[in-house]
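Student: Hey, dropping start36.cif in here, mmCIF, C-alpha atoms (C1' of nucleotides):
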```cif
data_work
#
loop_
_atom_site.label_atom_id
_atom_site.label_comp_id
_atom_site.auth_asym_id
_atom_site.auth_seq_id
_atom_site.Cartn_x
_atom_site.Cartn_y
_atom_site.Cartn_z
CA MET A 17 -208.26 86.90 -12.37
CA LEU A 18 -206.41 89.78 -10.80
CA GLN A 19 -206.87 91.85 -13.95
CA MET A 20 -210.61 92.10 -13.54
CA GLU A 21 -210.19 93.88 -10.23
CA ARG A 22 -208.48 96.86 -11.75
CA GLU A 23 -210.72 97.39 -14.75
CA ASN A 24 -212.06 100.79 -15.58
CA ARG A 25 -212.47 102.30 -12.14
CA GLY A 26 -213.33 105.97 -12.03
CA ALA A 27 -212.19 106.48 -15.62
CA PRO A 28 -214.21 108.67 -17.99
CA ALA A 29 -216.77 106.81 -20.09
CA GLY A 30 -215.15 104.95 -22.99
CA VAL A 31 -211.68 105.00 -21.47
CA VAL A 32 -210.33 101.78 -20.06
CA ALA A 33 -207.83 102.03 -17.25
CA ALA A 34 -206.42 98.51 -17.44
CA ASP A 35 -207.11 95.42 -19.47
CA SER A 36 -209.19 92.38 -18.65
CA LEU A 37 -210.10 89.66 -21.11
CA GLU A 38 -213.51 91.26 -21.48
CA SER A 39 -212.22 94.76 -22.01
CA VAL A 40 -209.70 93.73 -24.68
CA ARG A 41 -212.37 91.71 -26.42
CA ASP A 42 -214.69 94.71 -26.35
CA ILE A 43 -212.04 97.01 -27.71
CA PHE A 44 -211.28 94.59 -30.51
CA ILE A 45 -214.95 94.13 -31.37
CA ARG A 46 -215.78 97.81 -31.37
CA GLN A 47 -212.76 98.82 -33.40
CA TRP A 48 -213.23 96.00 -35.88
CA GLY A 49 -216.87 96.99 -36.19
CA ALA A 50 -215.99 100.61 -36.84
CA MET A 51 -213.59 99.46 -39.56
CA GLY A 52 -216.33 97.47 -41.22
CA SER A 53 -217.60 100.55 -43.00
CA GLN A 54 -214.23 101.05 -44.73
CA TRP A 55 -214.34 97.44 -45.82
CA GLY A 56 -217.83 97.61 -47.28
CA VAL A 57 -219.17 95.35 -44.56
CA ASN A 58 -221.81 96.60 -42.19
CA ARG A 59 -220.96 97.32 -38.59
CA SER A 60 -223.01 94.51 -37.09
CA MET A 61 -221.58 91.90 -39.41
CA ALA A 62 -218.04 93.02 -38.63
CA MET A 63 -218.73 92.99 -34.88
CA ILE A 64 -220.29 89.54 -34.94
CA HIS A 65 -217.34 88.25 -36.92
CA ALA A 66 -214.87 89.85 -34.50
CA LEU A 67 -216.67 88.37 -31.49
CA LEU A 68 -216.71 84.88 -32.97
CA LEU A 69 -213.10 85.15 -34.13
CA VAL A 70 -211.88 85.50 -30.57
CA SER A 71 -214.43 83.19 -28.92
CA PRO A 72 -212.99 79.70 -28.53
CA GLU A 73 -216.47 78.28 -27.83
CA PRO A 74 -219.49 78.36 -30.16
CA LEU A 75 -222.05 81.04 -29.24
CA THR A 76 -225.82 81.16 -29.59
CA THR A 77 -227.75 83.93 -31.30
CA ASP A 78 -228.93 85.09 -27.87
CA ALA A 79 -225.40 85.26 -26.48
CA ILE A 80 -224.33 87.33 -29.49
CA MET A 81 -227.33 89.64 -29.16
CA ALA A 82 -226.56 90.21 -25.50
CA GLU A 83 -222.81 90.69 -25.95
CA LEU A 84 -223.19 93.20 -28.80
CA ALA A 85 -226.50 94.76 -27.75
CA ILE A 86 -228.13 94.24 -31.14
CA SER A 87 -231.61 93.04 -32.11
CA ARG A 88 -232.57 89.51 -32.96
CA GLY A 89 -233.37 90.36 -36.57
CA ASN A 90 -230.03 92.05 -37.04
CA ALA A 91 -228.10 89.17 -35.45
CA ASN A 92 -229.97 86.64 -37.51
CA THR A 93 -229.50 88.40 -40.86
CA ASN A 94 -225.81 88.98 -40.39
CA LEU A 95 -225.12 85.52 -39.03
CA ARG A 96 -226.73 84.06 -42.12
CA GLU A 97 -224.61 86.30 -44.31
CA LEU A 98 -221.44 85.25 -42.50
CA VAL A 99 -222.42 81.61 -42.89
CA ASP A 100 -223.08 82.23 -46.60
CA TRP A 101 -219.62 83.68 -47.03
CA GLY A 102 -218.16 80.67 -45.23
CA LEU A 103 -216.57 82.79 -42.51
CA VAL A 104 -218.81 81.30 -39.82
CA TYR A 105 -220.11 77.78 -39.33
CA PRO A 106 -223.35 76.79 -37.60
CA VAL A 107 -222.71 73.94 -35.19
CA LEU A 108 -225.05 71.67 -33.30
CA VAL A 109 -224.52 71.19 -29.60
CA LYS A 110 -225.85 67.92 -28.24
CA GLY A 111 -228.81 68.36 -25.95
CA ASP A 112 -229.63 71.88 -27.17
CA ARG A 113 -232.02 72.79 -29.92
CA ARG A 114 -230.51 76.21 -30.51
CA ASP A 115 -228.06 77.00 -33.28
CA TYR A 116 -224.52 77.72 -32.17
CA PHE A 117 -221.97 79.56 -34.30
CA VAL A 118 -218.17 79.36 -34.59
CA ALA A 119 -215.88 81.39 -36.82
CA GLU A 120 -213.35 79.97 -39.22
CA LYS A 121 -210.13 80.59 -37.31
CA ASP A 122 -207.52 79.80 -39.98
CA VAL A 123 -206.20 83.12 -41.21
CA TRP A 124 -205.23 81.91 -44.67
CA ARG A 125 -208.69 80.44 -45.24
CA ILE A 126 -210.27 83.68 -44.08
CA PHE A 127 -208.09 85.54 -46.55
CA CYS A 128 -209.06 83.23 -49.41
CA ILE A 129 -212.76 83.62 -48.63
CA VAL A 130 -212.55 87.39 -48.51
CA ALA A 131 -210.45 87.49 -51.69
CA ARG A 132 -212.92 85.26 -53.51
CA GLU A 133 -215.87 87.37 -52.39
CA ARG A 134 -214.21 90.64 -53.33
CA LYS A 135 -213.28 89.30 -56.73
CA ARG A 136 -216.87 88.26 -57.27
CA ARG A 137 -218.30 91.59 -56.17
CA GLU A 138 -215.69 94.00 -57.51
CA MET A 139 -213.53 92.53 -60.23
CA GLU A 140 -215.94 90.36 -62.19
CA PRO A 141 -218.54 93.09 -62.76
CA ALA A 142 -215.74 95.40 -63.90
CA GLN A 143 -214.43 92.79 -66.30
CA LYS A 144 -217.91 92.22 -67.71
CA VAL A 145 -218.53 95.94 -68.26
CA LEU A 146 -215.16 96.39 -69.91
CA GLU A 147 -215.54 93.42 -72.23
CA ASP A 148 -218.97 94.63 -73.25
CA CYS A 149 -217.66 98.11 -74.06
CA VAL A 150 -214.63 96.75 -75.90
CA ARG A 151 -216.94 94.70 -78.08
CA ARG A 152 -219.25 97.64 -78.76
CA SER A 153 -216.46 100.07 -79.57
CA GLY A 154 -214.49 97.65 -81.75
CA SER A 155 -216.22 98.59 -84.99
CA LEU A 156 -216.37 102.34 -84.51
CA GLU A 157 -214.43 104.57 -86.86
CA GLY A 158 -212.60 107.84 -86.27
CA ALA A 159 -209.56 108.79 -84.26
CA GLU A 160 -211.47 109.58 -81.08
CA ALA A 161 -213.38 106.31 -81.13
CA GLU A 162 -210.21 104.38 -81.74
CA ALA A 163 -208.47 106.07 -78.83
CA MET A 164 -211.37 105.15 -76.57
CA HIS A 165 -211.38 101.58 -77.82
CA ALA A 166 -207.64 101.26 -77.23
CA GLN A 167 -207.98 102.53 -73.66
CA LEU A 168 -210.85 100.14 -72.98
CA VAL A 169 -208.76 97.26 -74.33
CA ARG A 170 -205.86 98.14 -72.03
CA LEU A 171 -208.20 98.29 -69.02
CA SER A 172 -209.94 95.10 -69.97
CA GLU A 173 -206.73 93.14 -70.45
CA PHE A 174 -205.34 94.33 -67.15
CA VAL A 175 -208.45 93.44 -65.20
CA GLY A 176 -208.51 90.06 -66.91
CA THR A 177 -204.92 89.33 -65.86
CA ALA A 178 -205.57 90.54 -62.31
CA ASN A 179 -208.62 88.31 -62.10
CA GLY A 180 -206.66 85.29 -63.17
CA LEU A 181 -203.91 85.95 -60.64
CA MET A 182 -206.49 86.50 -57.90
CA ASP A 183 -208.07 83.17 -58.67
CA LYS A 184 -204.80 81.30 -58.49
CA LEU A 185 -203.80 83.08 -55.31
CA ALA A 186 -207.04 82.25 -53.56
CA ARG A 187 -206.81 78.64 -54.65
CA ALA A 188 -203.17 78.18 -53.72
CA GLU A 189 -201.88 76.53 -50.58
CA ARG A 190 -200.49 78.95 -48.09
CA ASP A 191 -197.14 77.29 -47.56
CA ARG A 192 -196.59 76.76 -51.26
CA ILE A 193 -197.33 80.33 -52.24
CA LEU A 194 -196.18 82.69 -49.51
CA PRO A 195 -192.45 81.88 -49.66
CA ASN A 196 -192.50 82.32 -53.44
CA LEU A 197 -194.26 85.63 -53.19
CA MET A 198 -191.78 86.87 -50.61
CA ARG A 199 -188.97 85.93 -52.94
CA VAL A 200 -190.45 87.54 -56.03
CA LEU A 201 -191.37 90.80 -54.34
CA MET B 18 -219.61 109.75 -88.42
CA LEU B 19 -222.02 107.30 -89.96
CA GLN B 20 -222.52 105.62 -86.62
CA MET B 21 -224.30 108.56 -85.11
CA GLU B 22 -227.07 108.20 -87.63
CA ARG B 23 -228.20 104.85 -86.32
CA GLU B 24 -228.17 105.58 -82.62
CA ASN B 25 -231.08 104.67 -80.44
CA ARG B 26 -233.98 105.18 -82.82
CA GLY B 27 -237.40 104.13 -81.56
CA ALA B 28 -235.91 101.89 -78.89
CA PRO B 29 -237.41 101.79 -75.38
CA ALA B 30 -235.84 104.19 -72.91
CA GLY B 31 -232.49 102.91 -71.64
CA VAL B 32 -232.01 100.49 -74.49
CA VAL B 33 -229.55 101.37 -77.18
CA ALA B 34 -230.18 100.02 -80.64
CA ALA B 35 -226.69 100.47 -82.08
CA ASP B 36 -223.44 101.95 -80.92
CA SER B 37 -221.97 105.36 -81.54
CA LEU B 38 -218.91 106.74 -79.82
CA GLU B 39 -221.20 108.70 -77.53
CA SER B 40 -223.45 105.79 -76.68
CA VAL B 41 -220.59 103.45 -75.84
CA ARG B 42 -219.00 106.15 -73.72
CA ASP B 43 -222.29 106.65 -71.89
CA ILE B 44 -222.72 102.96 -71.28
CA PHE B 45 -219.21 102.72 -69.92
CA ILE B 46 -219.67 105.77 -67.69
CA ARG B 47 -222.99 104.68 -66.28
CA GLN B 48 -221.92 101.11 -65.59
CA TRP B 49 -218.63 102.19 -64.08
CA GLY B 50 -220.53 104.66 -61.92
CA ALA B 51 -222.96 102.00 -60.75
CA MET B 52 -220.01 99.82 -59.81
CA GLY B 53 -218.52 102.60 -57.75
CA SER B 54 -220.72 101.70 -54.79
CA GLN B 55 -219.26 98.18 -54.68
CA TRP B 56 -215.79 99.67 -54.70
CA GLY B 57 -216.44 102.10 -51.87
CA VAL B 58 -216.21 105.06 -54.23
CA ASN B 59 -219.18 107.30 -54.76
CA ARG B 60 -221.08 107.23 -57.98
CA SER B 61 -220.12 110.71 -59.14
CA MET B 62 -216.44 110.15 -58.53
CA ALA B 63 -216.54 106.88 -60.45
CA MET B 64 -218.43 108.49 -63.35
CA ILE B 65 -216.06 111.44 -63.58
CA HIS B 66 -213.13 109.06 -63.56
CA ALA B 67 -214.70 106.91 -66.27
CA LEU B 68 -215.41 109.94 -68.45
CA LEU B 69 -211.87 111.26 -68.16
CA LEU B 70 -210.39 107.79 -68.70
CA VAL B 71 -211.86 107.57 -72.17
CA SER B 72 -211.52 111.26 -73.09
CA PRO B 73 -208.32 111.85 -75.06
CA GLU B 74 -208.60 115.61 -74.50
CA PRO B 75 -208.65 117.46 -71.17
CA LEU B 76 -212.12 118.57 -70.06
CA THR B 77 -213.32 121.56 -68.07
CA THR B 78 -215.50 121.34 -64.98
CA ASP B 79 -218.39 122.68 -67.04
CA ALA B 80 -217.98 120.06 -69.74
CA ILE B 81 -218.00 117.35 -67.08
CA MET B 82 -221.06 118.82 -65.36
CA ALA B 83 -222.91 118.92 -68.67
CA GLU B 84 -221.86 115.44 -69.80
CA LEU B 85 -222.80 113.78 -66.51
CA ALA B 86 -225.68 116.06 -65.48
CA ILE B 87 -224.29 116.76 -62.03
CA SER B 88 -224.00 119.96 -60.01
CA ARG B 89 -221.00 122.22 -59.85
CA GLY B 90 -220.37 121.50 -56.17
CA ASN B 91 -220.45 117.77 -56.79
CA ALA B 92 -218.14 117.99 -59.81
CA ASN B 93 -215.72 120.21 -57.93
CA THR B 94 -215.52 118.06 -54.80
CA ASN B 95 -215.00 114.82 -56.66
CA LEU B 96 -212.50 116.29 -59.10
CA ARG B 97 -210.42 117.48 -56.19
CA GLU B 98 -210.63 114.06 -54.61
CA LEU B 99 -209.50 112.40 -57.85
CA VAL B 100 -206.62 114.88 -58.11
CA ASP B 101 -205.71 114.11 -54.47
CA TRP B 102 -205.57 110.42 -55.24
CA GLY B 103 -203.40 111.13 -58.27
CA LEU B 104 -205.84 109.53 -60.69
CA VAL B 105 -206.55 112.85 -62.42
CA TYR B 106 -204.27 115.76 -63.23
CA PRO B 107 -205.29 119.40 -63.54
CA VAL B 108 -203.79 120.88 -66.69
CA LEU B 109 -203.50 124.44 -67.91
CA VAL B 110 -204.56 125.23 -71.43
CA LYS B 111 -202.89 128.28 -72.93
CA GLY B 112 -205.25 131.16 -73.46
CA ASP B 113 -207.91 129.83 -71.08
CA ARG B 114 -208.27 130.64 -67.42
CA ARG B 115 -210.35 127.60 -66.63
CA ASP B 116 -208.96 124.40 -65.10
CA TYR B 117 -208.87 121.42 -67.41
CA PHE B 118 -208.61 117.82 -66.20
CA VAL B 119 -207.05 114.68 -67.68
CA ALA B 120 -206.98 111.17 -66.22
CA GLU B 121 -203.89 109.09 -65.69
CA LYS B 122 -204.16 106.63 -68.57
CA ASP B 123 -201.47 104.11 -67.67
CA VAL B 124 -203.26 101.08 -66.26
CA TRP B 125 -200.39 99.89 -64.09
CA ARG B 126 -200.07 103.33 -62.47
CA ILE B 127 -203.81 103.42 -61.86
CA PHE B 128 -203.55 100.03 -60.20
CA CYS B 129 -200.69 101.16 -57.96
CA ILE B 130 -202.57 104.27 -56.88
CA VAL B 131 -205.71 102.32 -56.05
CA ALA B 132 -203.69 99.64 -54.23
CA ARG B 133 -201.86 102.26 -52.18
CA GLU B 134 -205.09 104.02 -51.25
CA ARG B 135 -206.85 100.80 -50.29
CA LYS B 136 -203.92 99.74 -48.17
CA ARG B 137 -204.01 103.08 -46.40
CA ARG B 138 -207.77 102.97 -45.79
CA GLU B 139 -208.31 99.27 -45.13
CA MET B 140 -205.17 97.45 -44.14
CA GLU B 141 -203.30 99.95 -42.02
CA PRO B 142 -206.17 100.66 -39.61
CA ALA B 143 -206.68 96.91 -39.24
CA GLN B 144 -203.02 96.40 -38.50
CA LYS B 145 -203.08 99.16 -35.91
CA VAL B 146 -206.13 97.75 -34.13
CA LEU B 147 -204.66 94.27 -34.10
CA GLU B 148 -201.29 95.37 -32.79
CA ASP B 149 -202.98 97.34 -30.05
CA CYS B 150 -205.08 94.37 -28.98
CA VAL B 151 -202.12 91.98 -29.14
CA ARG B 152 -200.21 94.28 -26.82
CA ARG B 153 -203.12 94.61 -24.40
CA SER B 154 -203.84 90.89 -24.28
CA GLY B 155 -200.22 89.81 -23.96
CA SER B 156 -200.11 89.90 -20.20
CA LEU B 157 -203.50 88.35 -19.47
CA GLU B 158 -203.65 85.01 -17.73
CA GLY B 159 -206.02 82.09 -18.14
CA ALA B 160 -206.70 79.66 -20.96
CA GLU B 161 -209.41 81.74 -22.57
CA ALA B 162 -207.32 84.91 -22.58
CA GLU B 163 -204.37 83.02 -24.02
CA ALA B 164 -206.51 81.56 -26.80
CA MET B 165 -207.72 85.04 -27.70
CA HIS B 166 -204.19 86.43 -27.61
CA ALA B 167 -202.94 83.64 -29.86
CA GLN B 168 -205.69 84.30 -32.39
CA LEU B 169 -204.96 88.02 -32.36
CA VAL B 170 -201.28 87.30 -32.95
CA ARG B 171 -202.07 85.12 -35.96
CA LEU B 172 -204.30 87.81 -37.43
CA SER B 173 -201.79 90.54 -36.73
CA GLU B 174 -198.89 88.67 -38.30
CA PHE B 175 -200.87 87.86 -41.39
CA VAL B 176 -202.03 91.42 -41.92
CA GLY B 177 -198.48 92.62 -41.37
CA THR B 178 -197.15 90.28 -44.05
CA ALA B 179 -199.92 91.19 -46.47
CA ASN B 180 -199.18 94.87 -45.91
CA GLY B 181 -195.53 94.40 -46.68
CA LEU B 182 -196.27 92.50 -49.88
CA MET B 183 -198.80 95.12 -50.95
CA ASP B 184 -196.21 97.84 -50.50
CA LYS B 185 -193.65 96.07 -52.60
CA LEU B 186 -196.20 95.24 -55.28
CA ALA B 187 -197.36 98.83 -55.58
CA ARG B 188 -193.79 100.08 -55.75
CA ALA B 189 -192.61 97.51 -58.27
CA GLU B 190 -192.18 98.09 -61.95
CA ARG B 191 -194.81 96.44 -64.02
CA ASP B 192 -192.52 94.61 -66.41
CA ARG B 193 -190.28 93.40 -63.63
CA ILE B 194 -193.07 92.03 -61.49
CA LEU B 195 -195.86 90.69 -63.69
CA PRO B 196 -193.86 87.93 -65.42
CA ASN B 197 -192.58 86.73 -62.04
CA LEU B 198 -196.06 86.66 -60.58
CA MET B 199 -197.39 84.72 -63.54
CA ARG B 200 -194.64 82.20 -63.03
CA VAL B 201 -195.15 81.80 -59.31
CA LEU B 202 -198.92 81.48 -59.43
"C1'" DC C 25 -250.90 66.95 -33.82
"C1'" DC C 26 -250.40 70.40 -29.88
"C1'" DG C 27 -247.64 73.62 -27.73
"C1'" DA C 28 -243.24 75.43 -26.73
"C1'" DA C 29 -238.78 76.78 -28.31
"C1'" DC C 30 -236.50 78.71 -31.63
"C1'" DT C 31 -235.75 81.16 -36.37
"C1'" DT C 32 -236.94 84.11 -40.12
"C1'" DT C 33 -239.11 87.94 -42.32
"C1'" DC C 34 -240.35 92.58 -43.11
"C1'" DA C 35 -242.50 97.18 -42.60
"C1'" DA C 36 -241.31 101.12 -40.06
"C1'" DT C 37 -237.65 104.03 -38.56
"C1'" DA C 38 -233.07 105.67 -37.55
"C1'" DC C 39 -228.74 106.59 -39.32
"C1'" DT C 40 -225.38 107.62 -42.77
"C1'" DT C 41 -223.72 109.41 -46.93
"C1'" DA C 42 -224.15 112.00 -51.35
"C1'" DC C 43 -225.82 115.98 -53.95
"C1'" DT C 44 -227.57 120.49 -54.98
"C1'" DG C 45 -227.47 125.33 -55.64
"C1'" DA C 46 -226.67 129.61 -54.09
"C1'" DA C 47 -223.49 132.49 -51.72
"C1'" DA C 48 -218.76 133.53 -50.50
"C1'" DG C 49 -214.10 133.43 -51.94
"C1'" DT C 50 -210.27 133.81 -55.14
"C1'" DT C 51 -207.54 135.18 -59.07
"C1'" DA C 52 -206.38 137.20 -63.61
"C1'" DT C 53 -206.70 141.11 -66.53
"C1'" DG C 54 -207.50 145.62 -68.38
"C1'" DC D 24 -208.02 148.22 -58.09
"C1'" DA D 25 -212.44 147.10 -60.16
"C1'" DT D 26 -214.61 143.78 -62.56
"C1'" DA D 27 -215.50 139.54 -64.53
"C1'" DA D 28 -214.39 134.73 -64.78
"C1'" DC D 29 -213.82 131.00 -62.36
"C1'" DT D 30 -213.57 127.92 -57.93
"C1'" DT D 31 -214.79 126.49 -53.37
"C1'" DT D 32 -217.70 125.95 -49.49
"C1'" DC D 33 -221.64 124.60 -46.98
"C1'" DA D 34 -226.39 124.33 -45.11
"C1'" DG D 35 -230.33 122.03 -46.56
"C1'" DT D 36 -232.27 118.08 -48.77
"C1'" DA D 37 -232.46 113.73 -51.07
"C1'" DA D 38 -231.10 109.05 -51.53
"C1'" DG D 39 -229.35 104.96 -49.77
"C1'" DT D 40 -228.36 101.52 -45.82
"C1'" DA D 41 -228.76 99.41 -41.46
"C1'" DT D 42 -231.48 98.21 -37.47
"C1'" DT D 43 -235.37 97.24 -34.74
"C1'" DG D 44 -239.14 94.66 -32.96
"C1'" DA D 45 -243.13 92.40 -33.53
"C1'" DA D 46 -245.57 89.02 -36.22
"C1'" DA D 47 -245.37 84.88 -39.01
"C1'" DG D 48 -243.11 80.64 -39.85
"C1'" DT D 49 -240.75 76.37 -38.63
"C1'" DT D 50 -239.37 72.37 -36.04
"C1'" DC D 51 -239.14 69.27 -32.26
"C1'" DG D 52 -240.57 66.56 -28.24
"C1'" DG D 53 -244.22 64.52 -25.99
#
```
Output the file's structure as structure tokens, nothing else.
Tutor:
Amino acid sequence: MLQMERENRGAPAGVVAADSLESVRDIFIRQWGAMGSQWGVNRSMAMIHALLLVSPEPLTTDAIMAELAISRGNANTNLRELVDWGLVYPVLVKGDRRDYFVAEKDVWRIFCIVARERKRREMEPAQKVLEDCVRRSGSLEGAEAEAMHAQLVRLSEFVGTANGLMDKLARAERDRILPNLMRVL
Amino acid sequence: MLQMERENRGAPAGVVAADSLESVRDIFIRQWGAMGSQWGVNRSMAMIHALLLVSPEPLTTDAIMAELAISRGNANTNLRELVDWGLVYPVLVKGDRRDYFVAEKDVWRIFCIVARERKRREMEPAQKVLEDCVRRSGSLEGAEAEAMHAQLVRLSEFVGTANGLMDKLARAERDRILPNLMRVL
DNA sequence: CCGAACTTTCAATACTTACTGAAAGTTATG
DNA sequence: CATAACTTTCAGTAAGTATTGAAAGTTCGG
């Protein structure tokens, strides 16, 4: 553990002089957390996910709270959300009543989960809105109404196609699909 | 314009009895605006985009403000953002000093613009963070550090591949790419 | 079925982001 | 180059989200 000896000595706050396991993990967690906002995921959820992603062993709620300096309520809520998504699994450790948590480590599975969730939250509502408006505008008369209807139809058809492709992609096996995609694109 | 005669008579607030061009447009705009939050776009920007998407004619800032009941500052800021993205074009109308705005109507182009922007805001920062952490953790010793490094490498490689595919997809021609995708998936 | 260990909930609060409107800035035209 | 028409900026405020921490709820072992 030579690395730990030369960590962060005399450097300004927030700047790391050299890298230990802990410092790299902290950098990863903090940066990933900061990116959460861009991804529509809250900071705590992103940080918990990052921590578990690089932790080989399951962690308890208390360990997570301590590592990330967040409250119990916050840790609990976001852990449940991550478990709901399927990105984190609760595991039982023999001889301990507490819940432990591990992250799904397989990158392709993570991708499929995120793709599925985004489709559900972003694409499906859009498709529903568009189909509703297409239906409502179908019987209108006049050039302006018909132009609007035509535009709505184009949008609706595109989103429908994209949704279908998304579905197939997220259901496909990694090794079956990736080579084909590389070839086509 | 028969339709306008049977719009929204005696119905509870927010409920539309039958559809006119205006009512369908309003439904579309409001729903699209509400969805904006899910998409990481603010409500006003989404509503302006929706309005322009279904308006065959260019509109002035004032027309947009009036139609959506938003302030001048808000309209101005979000119009500029939409123009920056390339989703809306400013156009000059002869004999009028005011700026007029039209939306890009081609669905495939809209998709490419959104894909490019999302890649820039979501994928590229992730790739950068991951590459940085991979580099930092590469020289660490010990089983735990090596497990973390390996996980970071898997994430980094995946995001790199996804980024490359995204690029090619957004640069491809619609008619060249869609049939191939349908076949592969 | 009691008490201890642990988990969940939720009202209060802190933080973040979006919006307004008025004032400052810019540009076209007589 | 003065004025009027239009656009941009920005400080203040409103609206929306995330987080805390303490209280209530649950479960397990004895």
Student: Residues of chain C within 12 Å of chain B, counting all atoms listed in the file, what are they? List them as a JSON list (two decimals) with C-alpha atoms (C1' of nucleotides), in the frame of the given file.
Tutor:
```json
[["chain", "number", "residue", "atom", "x", "y", "z"],
["C", 41, "DT", "C1'", -223.72, 109.41, -46.93],
["C", 42, "DA", "C1'", -224.15, 112.00, -51.35],
["C", 43, "DC", "C1'", -225.82, 115.98, -53.95],
["C", 44, "DT", "C1'", -227.57, 120.49, -54.98],
["C", 45, "DG", "C1'", -227.47, 125.33, -55.64],
["C", 46, "DA", "C1'", -226.67, 129.61, -54.09],
["C", 51, "DT", "C1'", -207.54, 135.18, -59.07],
["C", 52, "DA", "C1'", -206.38, 137.20, -63.61],
["C", 53, "DT", "C1'", -206.70, 141.11, -66.53]]
```
Student: Find, counting all atoms listed in the file, the residue in B:Ala189, B:Met52, B:Met165, B:Ala120 that gets nearest to Arg137 (chain A).
Tutor: B:Met52
Student: To one decimal in Å, tell me the separation between CA of Ile81 (chain B) and CA of Met62 (chain B).
Tutor: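 Separation of CA of Ile81 (chain B) and CA of Met62 (chain B): 11.3 Å.
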Student: Determine which residues of chain D sit within 10 Å of chain A, taking into account all atoms listed in the file, and present them as JSON, numbers by chain.
Tutor: {"D": [40, 41, 42, 43, 44, 50, 51]}
Student: Keeping C-alpha atoms (C1' of nucleotides) for every residue in the selection just given, could you write it to a file as a PDB file, in the coordinates of the input?
Tutor:
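The resulting file, out05.pdb, is shown below:
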```
ATOM      1  C1'  DT D  40    -228.360 101.520 -45.820  1.00  0.00           C
ATOM      2  C1'  DA D  41    -228.760  99.410 -41.460  1.00  0.00           C
ATOM      3  C1'  DT D  42    -231.480  98.210 -37.470  1.00  0.00           C
ATOM      4  C1'  DT D  43    -235.370  97.240 -34.740  1.00  0.00           C
ATOM      5  C1'  DG D  44    -239.140  94.660 -32.960  1.00  0.00           C
ATOM      6  C1'  DT D  50    -239.370  72.370 -36.040  1.00  0.00           C
ATOM      7  C1'  DC D  51    -239.140  69.270 -32.260  1.00  0.00           C
TER       8       DC D  51
END
```
Student: Return the neighbours of chain B among the residues of chain A, cut-off 7 Å, counting only C-alpha atoms, as a VMD selection string.
Tutor: chain A and resid 35 37 40 44 47 54 to 56 70 72 123 137 to 138 145 149 152 to 153 156 161 163 to 164 167 170 to 171 181 184 to 185 196 200 to 201
Student: What does the structure give for the distance between C1' of DG49 (chain C) and C1' of DC29 (chain D), in Å to one decimal?
Tutor: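 Going from C1' of DG49 (chain C) over to C1' of DC29 (chain D), I get 10.7 Å.
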Student: So how far away is CA of Tyr106 (chain B) from CA of Val119 (chain B), in Å?
Tutor: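 Atom-to-atom, CA of Val119 (chain B) and CA of Tyr106 (chain B) are spaced 5.4 Å apart.
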Student: Mind listing as a ChimeraX atom specification all residues within 7 Å of (-221.3, 88.7, -46.8), counting all atoms listed in the file?
Tutor: /A:97-98,100-101
